[in-house]
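> Sharing a structure here in structure tokens format.
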Amino acid sequence: KSLGADPAIAKTMRNQDVPAPSAEAIEAILEKKNTKPNNFKKILREQGPKALAKAMREHSNTMLTDTTMRDAHQSLLATRMRTHDLLKAAKATNAAFNSADIFSLEVWGGATFDVSMNFLRECPWKRLEELDEAAPDMLKQMLLRGANAVGYTVYPDNLVYEFCKTAYESGNDVFRVFDSLNYIDNMELGIKAAVASGGFVEAAISYTGDVTNDSPENKYNLNYYLDFADKLVDLGAHCLCIKDMAGLL
């Protein structure tokens, strides 16, 4: 038996065959529910990141970050979603998530920058700008690899600073800065550059271990994570993220 698709029912799906979700229909449903609108982006852009951090602390409900437009297709589809496809859903996403309990949309950074240019032949900056325009009420978030920015090597300080500045000006609001091994020296440049841009810094604490120690009993203890959290706050982070990349927690 063939393990492939049944040629009798398989067909080529053209882009125009997939209609965009109706933002108007979503807005009508939310209006009936009397949903409180999201104003986090307005707070950040008008009052600054410290005001946004204060608003987060004062918010009583759990808030969500949707990662569909960055991490989801990076993990499941090798980051191959095109800007065209993302934009078709952006207006409806803005309508559906325009709620006080939705914190941000993760739409950029990570591998999206590299794949946009090298595989999709698209401009990653244009993607960010167009998504921000299509979903204007939502905070846009990116993943920043510290001194590696969105690349695979260590970049000069001035380049990382200019990158973060341009990203913020192009519509990115929140910078999740991480290092998979919690190497604080690598994260320091990313955090300081993101702070200087005017953006909101979400510094990640990765659930990881010491790769130089091959003992099966090697695990970081609670004091290690508490100390690391203090260091991130001292560098200027506005909030902390627990990043469990392997789903171990």
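Identifiers for the structure tokens are assigned positionally: chains receive A, B, ... in sequence, residues are indexed from 1 per chain, and ligands are indexed from 1 in the order shown.
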Could you produce a table of the residues of range 135-193 of chain A lying within 8 Å of range 201-210 of chain A, with the nearest pair of atoms per residue and their separation in Å rounded to one decimal, using only C-alpha atoms, ordered by chain and increasing residue number, as CSV?


residue,atom,partner,partner_atom,distance
A:Val174,CA,A:Val201,CA,5.9
A:Phe175,CA,A:Val201,CA,5.0
A:Arg176,CA,A:Glu202,CA,4.5
A:Val177,CA,A:Ala203,CA,5.0
A:Phe178,CA,A:Ala204,CA,5.0
A:Asp179,CA,A:Ser206,CA,7.2
A:Ser180,CA,A:Ser206,CA,6.0
A:Leu181,CA,A:Thr208,CA,6.3
A:Asn182,CA,A:Ser206,CA,6.2
A:Ile191,CA,A:Val201,CA,6.6

> Residues at most 12 Å from Ala72 in chain A, counting only C-alpha atoms, excluding those fewer than 2 positions away in the same chain, as a list in words?

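Near Ala72 in chain A, the qualifying residues are Thr65, Asp66, Thr67, Thr68, Met69, Arg70, Gln74, Ser75, Leu76, Leu77, Ala78, Thr79, Arg80, Met81, Leu105, Glu106, Val107, Trp108, Gly110, Ala111 and Thr112 of chain A.
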
> What's the 12 Å shell around range 41-53 of chain A, counting only C-alpha atoms, without same-chain residues fewer than 4 positions away, as a PyMOL selection string?

chain A and resi 37+57-59+98-100+102-105+132+135-141+168-169+171-175+194-202+236-240

> Go ahead and compute the interatomic distance for CA of Ala229 in chain A and CA of Val160 in chain A, in Å to one decimal.

22.7 Å

> Taking the backbone alone, and naming residues the way the document does, which bits of range 72-142 of chain A are strand (DSSP E or B) by DSSP, as a list in words?

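Restricting range 72-142 of chain A to strand (DSSP E or B) produces Ile102, Phe103, Ser104, Leu105, Glu106, Val107, Trp108, Gly109, Leu139, Lys140, Gln141 and Met142 of chain A.
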
> Would you export the selected residues with all heavy atoms as a JSON list (two decimals), in the first residue's frame, please?


[["chain", "number", "residue", "atom", "x", "y", "z"],
["A", 102, "ILE", "N", -5.24, 39.33, 26.31],
["A", 102, "ILE", "CA", -4.23, 38.94, 25.32],
["A", 102, "ILE", "C", -3.10, 39.97, 25.40],
["A", 102, "ILE", "O", -3.32, 41.15, 25.16],
["A", 102, "ILE", "CB", -4.80, 38.89, 23.90],
["A", 102, "ILE", "CG1", -6.01, 37.95, 23.84],
["A", 102, "ILE", "CG2", -3.72, 38.47, 22.92],
["A", 102, "ILE", "CD1", -5.66, 36.49, 24.11],
["A", 103, "PHE", "N", -1.91, 39.50, 25.72],
["A", 103, "PHE", "CA", -0.80, 40.43, 25.89],
["A", 103, "PHE", "C", -0.17, 40.82, 24.56],
["A", 103, "PHE", "O", 0.01, 42.01, 24.28],
["A", 103, "PHE", "CB", 0.27, 39.82, 26.81],
["A", 103, "PHE", "CG", 1.48, 40.69, 27.00],
["A", 103, "PHE", "CD1", 1.37, 41.91, 27.65],
["A", 103, "PHE", "CD2", 2.72, 40.30, 26.52],
["A", 103, "PHE", "CE1", 2.48, 42.73, 27.82],
["A", 103, "PHE", "CE2", 3.83, 41.10, 26.68],
["A", 103, "PHE", "CZ", 3.71, 42.32, 27.33],
["A", 104, "SER", "N", 0.18, 39.85, 23.71],
["A", 104, "SER", "CA", 0.93, 40.19, 22.51],
["A", 104, "SER", "C", 0.79, 39.11, 21.44],
["A", 104, "SER", "O", 0.33, 37.99, 21.70],
["A", 104, "SER", "CB", 2.42, 40.37, 22.84],
["A", 104, "SER", "OG", 2.96, 39.16, 23.34],
["A", 105, "LEU", "N", 1.23, 39.48, 20.24],
["A", 105, "LEU", "CA", 1.36, 38.53, 19.13],
["A", 105, "LEU", "C", 2.85, 38.39, 18.83],
["A", 105, "LEU", "O", 3.52, 39.37, 18.55],
["A", 105, "LEU", "CB", 0.65, 39.05, 17.88],
["A", 105, "LEU", "CG", -0.84, 39.36, 17.96],
["A", 105, "LEU", "CD1", -1.34, 39.90, 16.62],
["A", 105, "LEU", "CD2", -1.62, 38.12, 18.36],
["A", 106, "GLU", "N", 3.36, 37.17, 18.91],
["A", 106, "GLU", "CA", 4.76, 36.96, 18.54],
["A", 106, "GLU", "C", 4.80, 36.72, 17.04],
["A", 106, "GLU", "O", 4.30, 35.70, 16.54],
["A", 106, "GLU", "CB", 5.33, 35.77, 19.29],
["A", 106, "GLU", "CG", 6.82, 35.59, 19.05],
["A", 106, "GLU", "CD", 7.43, 34.52, 19.92],
["A", 106, "GLU", "OE1", 7.40, 34.68, 21.16],
["A", 106, "GLU", "OE2", 7.93, 33.53, 19.38],
["A", 107, "VAL", "N", 5.39, 37.65, 16.31],
["A", 107, "VAL", "CA", 5.31, 37.62, 14.85],
["A", 107, "VAL", "C", 6.67, 37.66, 14.15],
["A", 107, "VAL", "O", 6.74, 37.55, 12.92],
["A", 107, "VAL", "CB", 4.47, 38.81, 14.32],
["A", 107, "VAL", "CG1", 3.07, 38.79, 14.90],
["A", 107, "VAL", "CG2", 5.15, 40.15, 14.64],
["A", 108, "TRP", "N", 7.76, 37.80, 14.91],
["A", 108, "TRP", "CA", 9.04, 38.13, 14.26],
["A", 108, "TRP", "C", 10.20, 37.58, 15.07],
["A", 108, "TRP", "O", 10.03, 37.08, 16.17],
["A", 108, "TRP", "CB", 9.13, 39.65, 14.15],
["A", 108, "TRP", "CG", 9.89, 40.19, 12.97],
["A", 108, "TRP", "CD1", 9.63, 39.99, 11.65],
["A", 108, "TRP", "CD2", 11.05, 41.03, 13.03],
["A", 108, "TRP", "NE1", 10.54, 40.66, 10.88],
["A", 108, "TRP", "CE2", 11.43, 41.31, 11.69],
["A", 108, "TRP", "CE3", 11.79, 41.58, 14.06],
["A", 108, "TRP", "CZ2", 12.52, 42.11, 11.36],
["A", 108, "TRP", "CZ3", 12.88, 42.38, 13.75],
["A", 108, "TRP", "CH2", 13.23, 42.64, 12.41],
["A", 109, "GLY", "N", 11.39, 37.69, 14.49],
["A", 109, "GLY", "CA", 12.59, 37.24, 15.18],
["A", 109, "GLY", "C", 12.79, 35.74, 15.02],
["A", 109, "GLY", "O", 12.14, 35.08, 14.19],
["A", 139, "LEU", "N", 0.22, 44.38, 20.70],
["A", 139, "LEU", "CA", 1.67, 44.42, 20.85],
["A", 139, "LEU", "C", 2.27, 43.36, 19.95],
["A", 139, "LEU", "O", 1.81, 42.22, 19.92],
["A", 139, "LEU", "CB", 2.06, 44.12, 22.30],
["A", 139, "LEU", "CG", 1.81, 45.19, 23.36],
["A", 139, "LEU", "CD1", 2.01, 44.60, 24.75],
["A", 139, "LEU", "CD2", 2.70, 46.40, 23.16],
["A", 140, "LYS", "N", 3.32, 43.73, 19.19],
["A", 140, "LYS", "CA", 4.04, 42.76, 18.37],
["A", 140, "LYS", "C", 5.31, 42.37, 19.13],
["A", 140, "LYS", "O", 6.00, 43.22, 19.69],
["A", 140, "LYS", "CB", 4.42, 43.35, 17.00],
["A", 140, "LYS", "CG", 3.29, 44.02, 16.26],
["A", 140, "LYS", "CD", 2.08, 43.14, 16.09],
["A", 140, "LYS", "CE", 0.96, 43.88, 15.39],
["A", 140, "LYS", "NZ", 0.61, 45.17, 16.02],
["A", 141, "GLN", "N", 5.62, 41.10, 19.07],
["A", 141, "GLN", "CA", 6.73, 40.58, 19.87],
["A", 141, "GLN", "C", 7.69, 39.80, 18.98],
["A", 141, "GLN", "O", 7.29, 39.18, 18.00],
["A", 141, "GLN", "CB", 6.18, 39.66, 20.96],
["A", 141, "GLN", "CG", 7.22, 39.05, 21.87],
["A", 141, "GLN", "CD", 6.60, 38.48, 23.13],
["A", 141, "GLN", "OE1", 5.65, 39.03, 23.67],
["A", 141, "GLN", "NE2", 7.14, 37.37, 23.60],
["A", 142, "MET", "N", 8.97, 39.83, 19.35],
["A", 142, "MET", "CA", 9.97, 39.08, 18.62],
["A", 142, "MET", "C", 10.85, 38.29, 19.58],
["A", 142, "MET", "O", 10.89, 38.55, 20.79],
["A", 142, "MET", "CB", 10.86, 40.01, 17.78],
["A", 142, "MET", "CG", 11.85, 40.82, 18.60],
["A", 142, "MET", "SD", 13.15, 41.59, 17.60],
["A", 142, "MET", "CE", 14.06, 40.14, 17.05]]

> So how many Å separate CA of Glu162 in chain A and CA of Val233 in chain A, to one decimal?

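These atoms are spaced 22.5 Å apart.
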